[in-house]
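Next comes target-v7.cif, with mmCIF, C-alpha atoms.
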```cif
data_model
loop_
_atom_site.label_atom_id
_atom_site.label_comp_id
_atom_site.auth_asym_id
_atom_site.auth_seq_id
_atom_site.Cartn_x
_atom_site.Cartn_y
_atom_site.Cartn_z
CA MET P 1 59.99 63.17 -78.59
CA SER P 2 56.26 63.12 -79.29
CA SER P 3 53.97 60.15 -78.71
CA LEU P 4 51.16 59.92 -81.26
CA ILE P 5 47.95 58.80 -79.57
CA CYS P 6 45.40 57.45 -82.04
CA GLY P 7 42.00 56.93 -80.46
CA SER P 8 38.73 58.45 -79.39
CA ILE P 9 37.82 61.82 -78.01
CA ALA P 10 34.45 61.60 -76.28
CA TYR P 11 32.08 63.23 -73.85
CA ASP P 12 30.93 61.03 -70.96
CA SER P 13 27.52 61.79 -69.45
CA ILE P 14 27.46 59.91 -66.14
CA MET P 15 24.18 59.56 -64.25
CA VAL P 16 23.44 57.97 -60.88
CA PHE P 17 20.16 56.12 -60.27
CA HIS P 18 19.39 56.08 -56.53
CA ASP P 19 17.91 52.60 -56.61
CA ARG P 20 18.67 49.19 -58.11
CA PHE P 21 17.92 48.21 -61.69
CA LYS P 22 16.78 44.77 -60.51
CA ASN P 23 13.87 46.42 -58.69
CA HIS P 24 12.54 47.87 -61.94
CA ILE P 25 13.43 45.29 -64.60
CA LEU P 26 11.22 42.21 -64.38
CA PRO P 27 12.87 39.18 -65.99
CA GLU P 28 9.54 37.70 -67.12
CA GLN P 29 8.74 40.99 -68.92
CA ILE P 30 12.12 41.53 -70.56
CA HIS P 31 10.62 40.99 -74.03
CA ILE P 32 8.51 44.14 -73.58
CA LEU P 33 11.05 46.23 -71.73
CA ASN P 34 9.98 49.84 -71.23
CA VAL P 35 11.64 51.47 -68.24
CA SER P 36 12.49 54.99 -67.14
CA PHE P 37 14.99 55.91 -64.43
CA LEU P 38 15.03 59.18 -62.54
CA VAL P 39 18.68 60.24 -62.29
CA PRO P 40 19.08 63.29 -60.02
CA GLU P 41 22.88 63.20 -60.36
CA LEU P 42 24.49 64.03 -63.71
CA ARG P 43 28.10 64.77 -64.59
CA ARG P 44 29.49 65.53 -68.01
CA GLU P 45 33.14 64.59 -68.24
CA PHE P 46 35.84 64.90 -70.85
CA GLY P 47 36.77 61.38 -71.89
CA GLY P 48 37.67 59.07 -74.73
CA CYS P 49 40.78 56.90 -74.76
CA ALA P 50 43.01 59.31 -76.69
CA GLY P 51 41.96 62.29 -74.56
CA ASN P 52 42.50 60.40 -71.30
CA ILE P 53 45.87 58.93 -72.32
CA ALA P 54 47.12 62.31 -73.52
CA TYR P 55 46.00 64.01 -70.30
CA ASN P 56 47.92 61.53 -68.14
CA LEU P 57 51.02 61.56 -70.33
CA LYS P 58 51.10 65.35 -70.04
CA LEU P 59 51.00 65.03 -66.22
CA LEU P 60 54.14 62.90 -66.47
CA GLY P 61 55.92 65.51 -68.56
CA GLY P 62 55.51 63.69 -71.87
CA GLU P 63 54.63 65.22 -75.22
CA PRO P 64 51.30 63.73 -76.34
CA LEU P 65 50.04 64.32 -79.85
CA ILE P 66 46.39 63.33 -80.30
CA MET P 67 45.09 61.93 -83.58
CA ALA P 68 41.28 61.74 -83.48
CA THR P 69 38.06 62.83 -85.17
CA VAL P 70 35.45 65.04 -83.53
CA GLY P 71 32.10 66.59 -84.41
CA ASP P 72 30.50 70.03 -84.56
CA ASP P 73 30.15 70.10 -80.76
CA ALA P 74 33.87 69.69 -80.01
CA ASP P 75 34.78 73.28 -79.11
CA PRO P 76 34.65 72.86 -75.30
CA TYR P 77 36.93 69.82 -75.51
CA LEU P 78 39.36 71.39 -77.98
CA ASN P 79 39.54 74.54 -75.87
CA ARG P 80 40.36 72.40 -72.83
CA LEU P 81 43.15 70.57 -74.65
CA GLN P 82 44.65 73.83 -75.84
CA ALA P 83 44.51 75.24 -72.29
CA LEU P 84 46.43 72.14 -71.15
CA ASP P 85 49.03 72.76 -73.88
CA ILE P 86 48.10 69.51 -75.63
CA SER P 87 48.32 69.88 -79.39
CA THR P 88 45.12 69.50 -81.44
CA ARG P 89 46.68 69.89 -84.88
CA HIS P 90 45.88 66.28 -85.79
CA VAL P 91 42.32 66.35 -84.41
CA THR P 92 39.99 66.44 -87.41
CA ARG P 93 36.51 67.92 -87.24
CA VAL P 94 33.94 66.02 -89.31
CA PRO P 95 31.07 68.39 -90.26
CA GLY P 96 27.53 67.18 -89.62
CA THR P 97 28.52 64.78 -86.85
CA PHE P 98 28.59 64.72 -83.06
CA THR P 99 31.72 64.00 -81.07
CA ALA P 100 31.58 60.45 -79.70
CA GLN P 101 29.46 60.30 -76.55
CA ALA P 102 28.82 57.76 -73.82
CA PHE P 103 25.68 57.91 -71.66
CA ILE P 104 26.28 55.86 -68.51
CA THR P 105 23.66 55.18 -65.82
CA THR P 106 24.90 53.55 -62.61
CA ASP P 107 22.71 52.09 -59.87
CA LEU P 108 23.38 51.57 -56.15
CA ASP P 109 24.98 48.17 -56.84
CA ASP P 110 27.42 49.77 -59.32
CA ASN P 111 25.67 48.05 -62.22
CA GLN P 112 25.82 50.14 -65.36
CA ILE P 113 23.68 50.63 -68.44
CA THR P 114 25.65 52.40 -71.16
CA ALA P 115 24.67 53.75 -74.55
CA PHE P 116 27.54 54.81 -76.80
CA HIS P 117 27.21 56.98 -79.91
CA PRO P 118 30.44 56.80 -81.98
CA GLY P 119 29.63 59.86 -84.08
CA ALA P 120 32.74 61.31 -85.72
CA MET P 121 34.85 58.42 -84.39
CA VAL P 122 33.79 56.18 -87.28
CA HIS P 123 35.67 58.55 -89.60
CA SER P 124 39.00 58.10 -87.82
CA HIS P 125 40.52 56.54 -90.94
CA LEU P 126 40.55 60.04 -92.47
CA ASN P 127 43.62 60.80 -90.34
CA LYS P 128 47.01 59.60 -91.57
CA VAL P 129 50.09 58.82 -89.48
CA SER P 130 52.21 60.08 -92.37
CA ASP P 131 50.87 63.62 -91.81
CA THR P 132 52.78 63.91 -88.52
CA GLU P 133 56.36 64.95 -87.77
CA GLY P 134 58.73 64.16 -84.92
CA VAL P 135 56.83 61.13 -83.63
CA THR P 136 58.99 58.49 -81.95
CA LEU P 137 56.30 56.25 -80.41
CA GLY P 138 52.61 55.64 -80.98
CA ILE P 139 49.57 53.86 -79.66
CA VAL P 140 46.49 52.58 -81.47
CA SER P 141 43.74 52.69 -78.85
CA PRO P 142 39.98 52.09 -79.28
CA ASP P 143 38.66 54.09 -82.21
CA GLY P 144 36.77 53.54 -85.44
CA ARG P 145 37.40 50.03 -86.79
CA ASP P 146 38.88 51.11 -90.11
CA GLY P 147 41.01 53.73 -88.40
CA MET P 148 42.53 51.18 -86.00
CA LEU P 149 43.48 48.86 -88.86
CA GLU P 150 44.82 51.68 -91.03
CA HIS P 151 46.81 53.37 -88.28
CA SER P 152 48.42 50.06 -87.28
CA ARG P 153 49.57 49.56 -90.87
CA GLN P 154 50.69 53.18 -91.20
CA PHE P 155 52.80 53.08 -88.02
CA ALA P 156 54.54 49.95 -89.28
CA GLU P 157 55.13 51.46 -92.74
CA ALA P 158 56.59 54.59 -91.15
CA GLY P 159 58.90 52.54 -88.93
CA ILE P 160 57.40 54.07 -85.78
CA PRO P 161 57.14 51.62 -82.86
CA PHE P 162 53.64 51.47 -81.40
CA ILE P 163 51.40 49.86 -78.81
CA PHE P 164 48.34 47.98 -80.05
CA ASP P 165 45.60 48.62 -77.48
CA PRO P 166 42.35 47.14 -78.83
CA GLY P 167 40.43 47.65 -75.56
CA GLN P 168 36.66 47.63 -75.86
CA GLY P 169 37.08 47.66 -79.64
CA LEU P 170 38.52 44.13 -79.62
CA PRO P 171 35.21 42.37 -80.45
CA MET P 172 35.12 44.27 -83.78
CA PHE P 173 38.01 42.18 -85.12
CA ASN P 174 38.38 38.55 -86.10
CA GLY P 175 41.36 36.42 -85.17
CA ASP P 176 43.32 37.06 -88.37
CA GLU P 177 42.90 40.82 -88.03
CA LEU P 178 44.00 40.80 -84.39
CA LEU P 179 47.03 38.65 -85.16
CA GLY P 180 47.88 40.90 -88.09
CA CYS P 181 47.85 44.00 -85.84
CA LEU P 182 49.98 42.21 -83.25
CA GLN P 183 52.54 41.32 -85.90
CA LEU P 184 52.72 44.95 -86.99
CA ALA P 185 52.97 46.29 -83.43
CA ASP P 186 55.94 46.40 -81.08
CA TYR P 187 53.84 46.18 -77.92
CA CYS P 188 50.31 45.13 -76.98
CA THR P 189 48.25 45.85 -73.87
CA VAL P 190 44.92 44.35 -72.82
CA ASN P 191 43.01 43.74 -69.60
CA ASP P 192 42.38 40.22 -68.31
CA TYR P 193 39.02 39.84 -70.05
CA GLU P 194 40.40 41.14 -73.33
CA ALA P 195 43.38 38.79 -72.97
CA ARG P 196 41.03 35.80 -72.80
CA LEU P 197 39.09 37.05 -75.81
CA LEU P 198 42.32 37.68 -77.72
CA CYS P 199 43.43 34.10 -77.07
CA GLU P 200 40.02 32.75 -78.04
CA ARG P 201 39.87 34.71 -81.31
CA THR P 202 43.42 33.87 -82.40
CA GLY P 203 43.48 30.31 -81.05
CA ARG P 204 46.81 30.97 -79.34
CA SER P 205 48.03 31.21 -75.76
CA LEU P 206 49.24 34.44 -74.17
CA GLU P 207 52.78 33.07 -74.09
CA SER P 208 52.59 32.35 -77.80
CA LEU P 209 51.10 35.74 -78.66
CA ALA P 210 53.82 37.43 -76.61
CA THR P 211 56.42 36.17 -79.09
CA GLU P 212 54.89 38.44 -81.75
CA VAL P 213 55.78 41.64 -79.83
CA LYS P 214 58.55 43.02 -77.64
CA ALA P 215 56.15 43.04 -74.70
CA LEU P 216 52.57 41.94 -74.04
CA ILE P 217 51.03 43.67 -71.02
CA VAL P 218 47.94 42.31 -69.24
CA THR P 219 46.26 44.39 -66.53
CA LEU P 220 44.48 42.54 -63.72
CA GLY P 221 42.69 45.30 -61.83
CA ALA P 222 43.35 45.12 -58.09
CA GLU P 223 45.66 42.15 -58.71
CA GLY P 224 48.22 44.30 -60.52
CA SER P 225 49.47 43.46 -64.00
CA GLN P 226 51.76 41.12 -65.90
CA ILE P 227 54.33 41.92 -68.56
CA TYR P 228 55.36 39.11 -70.92
CA THR P 229 58.70 39.99 -72.48
CA ALA P 230 61.82 38.18 -73.67
CA GLY P 231 60.37 34.80 -72.74
CA GLN P 232 59.62 35.74 -69.14
CA ARG P 233 56.71 37.13 -67.13
CA ILE P 234 57.20 40.13 -64.87
CA ASP P 235 54.56 40.48 -62.16
CA ILE P 236 53.73 44.10 -61.37
CA PRO P 237 52.08 44.87 -58.01
CA CYS P 238 49.05 47.09 -57.75
CA ALA P 239 49.68 50.52 -56.28
CA THR P 240 47.23 51.11 -53.42
CA PRO P 241 44.98 54.10 -54.17
CA ALA P 242 44.21 56.74 -51.55
CA SER P 243 40.54 55.95 -52.13
CA ILE P 244 38.36 54.33 -54.78
CA GLN P 245 36.01 56.82 -56.38
CA ASP P 246 35.60 55.90 -60.05
CA PRO P 247 37.40 53.36 -62.29
CA THR P 248 36.57 55.31 -65.47
CA GLY P 249 39.82 56.00 -67.33
CA CYS P 250 42.10 53.91 -65.11
CA GLY P 251 43.23 51.78 -68.03
CA ASP P 252 44.03 54.90 -70.03
CA ALA P 253 46.11 56.30 -67.15
CA TYR P 254 47.98 52.99 -67.05
CA ARG P 255 48.72 53.24 -70.77
CA ALA P 256 50.12 56.72 -70.34
CA GLY P 257 52.60 55.23 -67.87
CA LEU P 258 53.56 52.61 -70.45
CA LEU P 259 54.16 55.28 -73.10
CA TYR P 260 56.29 57.34 -70.74
CA GLY P 261 58.35 54.36 -69.61
CA ILE P 262 58.99 53.09 -73.13
CA SER P 263 59.82 56.58 -74.45
CA ASN P 264 62.31 57.18 -71.67
CA GLY P 265 63.98 53.78 -71.73
CA LEU P 266 62.85 52.67 -68.26
CA ALA P 267 63.21 49.02 -67.30
CA TRP P 268 60.01 47.00 -67.64
CA ASP P 269 59.55 46.63 -63.88
CA GLN P 270 59.79 50.43 -63.49
CA THR P 271 57.50 51.04 -66.44
CA GLY P 272 54.89 48.66 -65.08
CA ARG P 273 55.02 50.17 -61.60
CA LEU P 274 54.67 53.70 -62.99
CA ALA P 275 51.70 52.60 -65.08
CA SER P 276 50.13 50.96 -62.02
CA LEU P 277 50.65 54.12 -59.99
CA MET P 278 49.00 56.30 -62.63
CA GLY P 279 45.93 54.07 -62.49
CA ALA P 280 45.85 54.35 -58.69
CA LEU P 281 46.11 58.14 -58.80
CA LYS P 282 43.23 58.29 -61.27
CA ILE P 283 40.86 55.94 -59.44
CA ALA P 284 40.87 58.25 -56.41
CA HIS P 285 39.00 60.89 -58.47
CA ARG P 286 35.76 60.90 -60.43
CA GLY P 287 36.00 61.16 -64.21
CA GLY P 288 38.95 60.40 -66.45
CA GLN P 289 40.69 63.77 -66.27
CA ASN P 290 40.09 65.35 -62.85
CA HIS P 291 43.22 64.23 -61.01
CA THR P 292 45.97 66.87 -61.03
CA PRO P 293 49.17 65.57 -59.37
CA SER P 294 52.37 67.41 -60.25
CA ARG P 295 55.32 65.50 -61.65
CA ASP P 296 57.05 65.81 -58.28
CA ALA P 297 53.95 64.47 -56.52
CA ILE P 298 53.93 61.47 -58.88
CA ALA P 299 57.59 60.80 -58.05
CA ASP P 300 56.86 61.04 -54.31
CA ALA P 301 53.90 58.68 -54.65
CA TYR P 302 56.11 56.22 -56.55
CA ARG P 303 58.69 56.23 -53.74
CA GLN P 304 56.00 55.68 -51.13
CA ALA P 305 54.35 52.87 -53.09
CA PHE P 306 57.44 50.96 -54.23
CA GLY P 307 60.33 52.14 -52.04
CA SER P 308 62.51 53.30 -54.92
CA THR P 309 63.10 56.41 -57.00
CA LEU P 310 61.75 56.99 -60.48
CA TRP P 311 63.64 60.04 -61.71
#
```

Reformat the file's structure so that it appears as structure tokens.
Amino acid sequence: MSSLICGSIAYDSIMVFHDRFKNHILPEQIHILNVSFLVPELRREFGGCAGNIAYNLKLLGGEPLIMATVGDDADPYLNRLQALDISTRHVTRVPGTFTAQAFITTDLDDNQITAFHPGAMVHSHLNKVSDTEGVTLGIVSPDGRDGMLEHSRQFAEAGIPFIFDPGQGLPMFNGDELLGCLQLADYCTVNDYEARLLCERTGRSLESLATEVKALIVTLGAEGSQIYTAGQRIDIPCATPASIQDPTGCGDAYRAGLLYGISNGLAWDQTGRLASLMGALKIAHRGGQNHTPSRDAIADAYRQAFGSTLW
């Protein structure tokens, strides 16, 4: 049972500025801003929503199938996926482009300045859900705008249940487009900020929007998450991480837990707790794909966190 993960593959260049932006950006001179930051620390990580979700789903023993577009510079990433036994047969290379890339500079107060180059991601509509075989569940995560709309429609036409996960791509859509994707989807997941924006754009409450899908999941960071389903709200506690190193990719790890739980018919409280745990395991490591717990270790961590067995 494969889960088709439509979304971005990206390189994340993460830099640390050993000072505070506020000491170098003068508010009264913002109209002639010209600053340079010395960043002695630099990491280049494998990222992107589809890559991160697939990585975490593989840790759980799932069968992720990535659908994404990449550029001429994608070989290191594709080689990594193949080494992890994650299929790349629906990853399309777009000649003359770069793979999507984020350049993130963080200061001592954890403020961030990010520049994002979408590159090949804007061509994501070139991929078609109908080109796949054996897919039983899907997710439409942040990607090129046209691709997200097309893949939502294609999942519905193929009769494949899917999660609509607009993420940081949510501002690209108006209320009618967001509502249309919700009505095509079986599930939707957003964080608390995105939930407020979703309500604002559609003019509807969360409780009302939840009636359009089998489940609407809202993550709340350290406050856990909430699952609106069948007219009720299930409150999911936050799993306590061993340490807090880097939140990058935590939401993607959570979504992998959702995919695994739905695919395997887990109850919603179990699915939410597993998703929460995956986020906690990720946040204890830098980068989106550097945590390496075995499936048994995940099961042990679940028992310790929630006092019950998972599998």

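The residue that comes closest to Ser243 in chain P, out of P:Gly119, P:Gly279, P:Gly169, P:Pro64 and on the basis of only C-alpha atoms, is P:Gly279.
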
Could you tell me which residues the PyMOL selection byres ((chain P and resi 109) around 9) returns for this structure, as a list in words?
Asp19, Arg20, Phe21, Thr106, Asp107, Leu108, Asp110, Asn111 and Gln112 of chain P

Contacts of Gly147 in chain P within 12 Å, all atoms listed in the file, excl. fewer than 3 positions in-chain, as a list in words
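So, after excluding close chain neighbours, the residues are Cys6, Gly7, Ser8, Met67, Ala68, Thr69, Ala120, Met121, Val122, His123, Ser124, His125, Leu126, Asn127, Lys128, Val129, Val140, Ser141, Pro142, Asp143, Gly144, Glu150, His151, Ser152, Arg153, Gln154, Phe155, Pro166 and Gly169 of chain P.
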
Check what the PyMOL selection byres ((chain P and resi 74) around 12) selects in the file above and give those residues as a ChimeraX atom specification.
/P:9-11,46-47,68-73,75-81,88,91-101,119-120

Who sits within 7 Å of Gly175 in chain P, only C-alpha atoms, same chain under 2 positions skipped, as a list in words
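Listed by chain and then number, they are Phe173, Glu177, Leu178, Leu179, Arg201 and Thr202 of chain P.
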
Of the listed residues P:Thr136, P:Thr105, P:Asn264, P:Gln289, that which approaches Ile14 in chain P most closely, counting all atoms listed in the file:
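For Ile14 in chain P, the nearest of the candidates is P:Thr105.
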
Report, in Å to a single decimal, how far apart CA of Thr189 in chain P and CA of Val213 in chain P are.
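Distance between the two atoms: 10.5 Å.
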
Residue neighbourhood His291 in chain P, 9 Å, all atoms listed in the file, exclusion window fewer than 4 positions, as a list in words
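Answer for this query is Asn56, Leu281, Lys282, Ile283, Ala284, His285, Arg286 and Gly287 of chain P.
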
Would you mind reading off the distance between CA of Ala215 in chain P and CA of Gly231 in chain P, one decimal, in Å?
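Straight-line distance from CA of Ala215 in chain P to CA of Gly231 in chain P works out to 9.5 Å.
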
Using all atoms listed in the file for the distances, tell me which of P:Leu197, P:Met1, P:Ile160, P:Leu216 is nearest to Leu182 in chain P.
P:Leu216

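You will find CA of Arg196 in chain P at 16.7 Å from CA of Arg233 in chain P.
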
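Shortest separation to Arg89 in chain P among P:Leu149, P:Leu4, P:Ile139, P:Val190 occurs at residue P:Leu4, atoms counted being all atoms listed in the file.
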
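Protein and nucleic acid residues near (31.4, 64.2, -66.4) are Asp12, Ser13, Ile14, Arg43, Arg44, Glu45 and Gly287 of chain P, the criterion being any atom at most 6 Å away using all atoms listed in the file.
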
Can you spell out as a list in words the set of residues that the PyMOL selection byres ((chain P and resi 163) around 6) selects in the structure I just provided?
Ile139, Phe162, Phe164, Tyr187 and Cys188 of chain P

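Candidate residues P:Leu170, P:Leu65, P:Cys250, P:Ala256 were compared for distance to Gly272 in chain P, and the nearest is P:Ala256, using only C-alpha atoms.
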
For Met15 in chain P, which of P:Gly288, P:Gly48, P:Pro171, P:Pro40 is the closest residue, counting all atoms listed in the file?
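Ranking P:Gly288, P:Gly48, P:Pro171, P:Pro40 by distance to Met15 in chain P, first place goes to P:Pro40.
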
Would you pick out the contacts of Leu274 in chain P at 8 Å or less, using all atoms listed in the file, so that residues sharing its chain but fewer than 3 positions from it are not included, and give the list as an MDAnalysis selection string?
chainID P and resid 254 257:258 261 270:271 277:278 302

List the neighbours of range 292-298 of chain P out to 7 Å using all atoms listed in the file; skip same-chain residues closer than 4 positions along the sequence, and give me the result as an MDAnalysis selection string.
chainID P and resid 59:61 302

Any chance you could build range 85-108 of chain P out to N, CA, C and O atoms and write it as a tab-separated table (two decimals), keeping the file's coordinate frame?
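Written output follows (part02.tsv):
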```
chain	number	residue	atom	x	y	z
P	85	ASP	N	47.86	72.79	-73.01
P	85	ASP	CA	49.03	72.76	-73.88
P	85	ASP	C	49.21	71.38	-74.52
P	85	ASP	O	50.33	70.89	-74.69
P	86	ILE	N	48.09	70.77	-74.89
P	86	ILE	CA	48.10	69.51	-75.63
P	86	ILE	C	47.69	69.83	-77.07
P	86	ILE	O	46.61	70.36	-77.30
P	87	SER	N	48.55	69.50	-78.01
P	87	SER	CA	48.32	69.88	-79.39
P	87	SER	C	47.05	69.24	-79.96
P	87	SER	O	46.75	68.07	-79.70
P	88	THR	N	46.32	70.00	-80.76
P	88	THR	CA	45.12	69.50	-81.44
P	88	THR	C	45.27	69.55	-82.96
P	88	THR	O	44.30	69.43	-83.68
P	89	ARG	N	46.51	69.70	-83.43
P	89	ARG	CA	46.68	69.89	-84.88
P	89	ARG	C	46.34	68.65	-85.70
P	89	ARG	O	46.13	68.75	-86.92
P	90	HIS	N	46.27	67.49	-85.06
P	90	HIS	CA	45.88	66.28	-85.79
P	90	HIS	C	44.51	65.76	-85.32
P	90	HIS	O	44.21	64.57	-85.48
P	91	VAL	N	43.72	66.66	-84.74
P	91	VAL	CA	42.32	66.35	-84.41
P	91	VAL	C	41.47	66.92	-85.53
P	91	VAL	O	41.47	68.12	-85.78
P	92	THR	N	40.76	66.05	-86.23
P	92	THR	CA	39.99	66.44	-87.41
P	92	THR	C	38.52	66.58	-87.08
P	92	THR	O	37.91	65.67	-86.51
P	93	ARG	N	37.94	67.71	-87.44
P	93	ARG	CA	36.51	67.92	-87.24
P	93	ARG	C	35.76	67.40	-88.47
P	93	ARG	O	36.09	67.76	-89.60
P	94	VAL	N	34.75	66.58	-88.23
P	94	VAL	CA	33.94	66.02	-89.31
P	94	VAL	C	32.58	66.73	-89.30
P	94	VAL	O	31.76	66.49	-88.40
P	95	PRO	N	32.32	67.62	-90.26
P	95	PRO	CA	31.07	68.39	-90.26
P	95	PRO	C	29.84	67.49	-90.30
P	95	PRO	O	29.85	66.41	-90.91
P	96	GLY	N	28.79	67.92	-89.61
P	96	GLY	CA	27.53	67.18	-89.62
P	96	GLY	C	27.50	65.99	-88.68
P	96	GLY	O	26.59	65.16	-88.76
P	97	THR	N	28.48	65.89	-87.81
P	97	THR	CA	28.52	64.78	-86.85
P	97	THR	C	28.62	65.31	-85.42
P	97	THR	O	28.97	66.47	-85.19
P	98	PHE	N	28.32	64.44	-84.47
P	98	PHE	CA	28.59	64.72	-83.06
P	98	PHE	C	29.92	64.09	-82.68
P	98	PHE	O	30.33	63.07	-83.26
P	99	THR	N	30.59	64.67	-81.70
P	99	THR	CA	31.72	64.00	-81.07
P	99	THR	C	31.19	62.74	-80.38
P	99	THR	O	30.06	62.72	-79.90
P	100	ALA	N	31.99	61.69	-80.36
P	100	ALA	CA	31.58	60.45	-79.70
P	100	ALA	C	31.10	60.74	-78.28
P	100	ALA	O	31.67	61.58	-77.58
P	101	GLN	N	30.04	60.04	-77.86
P	101	GLN	CA	29.46	60.30	-76.55
P	101	GLN	C	28.99	59.01	-75.89
P	101	GLN	O	28.38	58.16	-76.55
P	102	ALA	N	29.30	58.90	-74.61
P	102	ALA	CA	28.82	57.76	-73.82
P	102	ALA	C	27.83	58.27	-72.78
P	102	ALA	O	28.07	59.29	-72.12
P	103	PHE	N	26.70	57.58	-72.65
P	103	PHE	CA	25.68	57.91	-71.66
P	103	PHE	C	25.60	56.73	-70.69
P	103	PHE	O	25.14	55.65	-71.06
P	104	ILE	N	26.08	56.95	-69.47
P	104	ILE	CA	26.28	55.86	-68.51
P	104	ILE	C	25.37	56.10	-67.30
P	104	ILE	O	25.45	57.14	-66.64
P	105	THR	N	24.50	55.12	-67.01
P	105	THR	CA	23.66	55.18	-65.82
P	105	THR	C	24.09	54.08	-64.87
P	105	THR	O	24.16	52.91	-65.24
P	106	THR	N	24.42	54.48	-63.63
P	106	THR	CA	24.90	53.55	-62.61
P	106	THR	C	23.89	53.46	-61.48
P	106	THR	O	23.35	54.48	-61.05
P	107	ASP	N	23.64	52.22	-60.99
P	107	ASP	CA	22.71	52.09	-59.87
P	107	ASP	C	23.47	51.89	-58.56
P	107	ASP	O	24.71	51.97	-58.53
P	108	LEU	N	22.76	51.65	-57.47
P	108	LEU	CA	23.38	51.57	-56.15
P	108	LEU	C	24.27	50.33	-55.98
P	108	LEU	O	25.07	50.28	-55.05
```
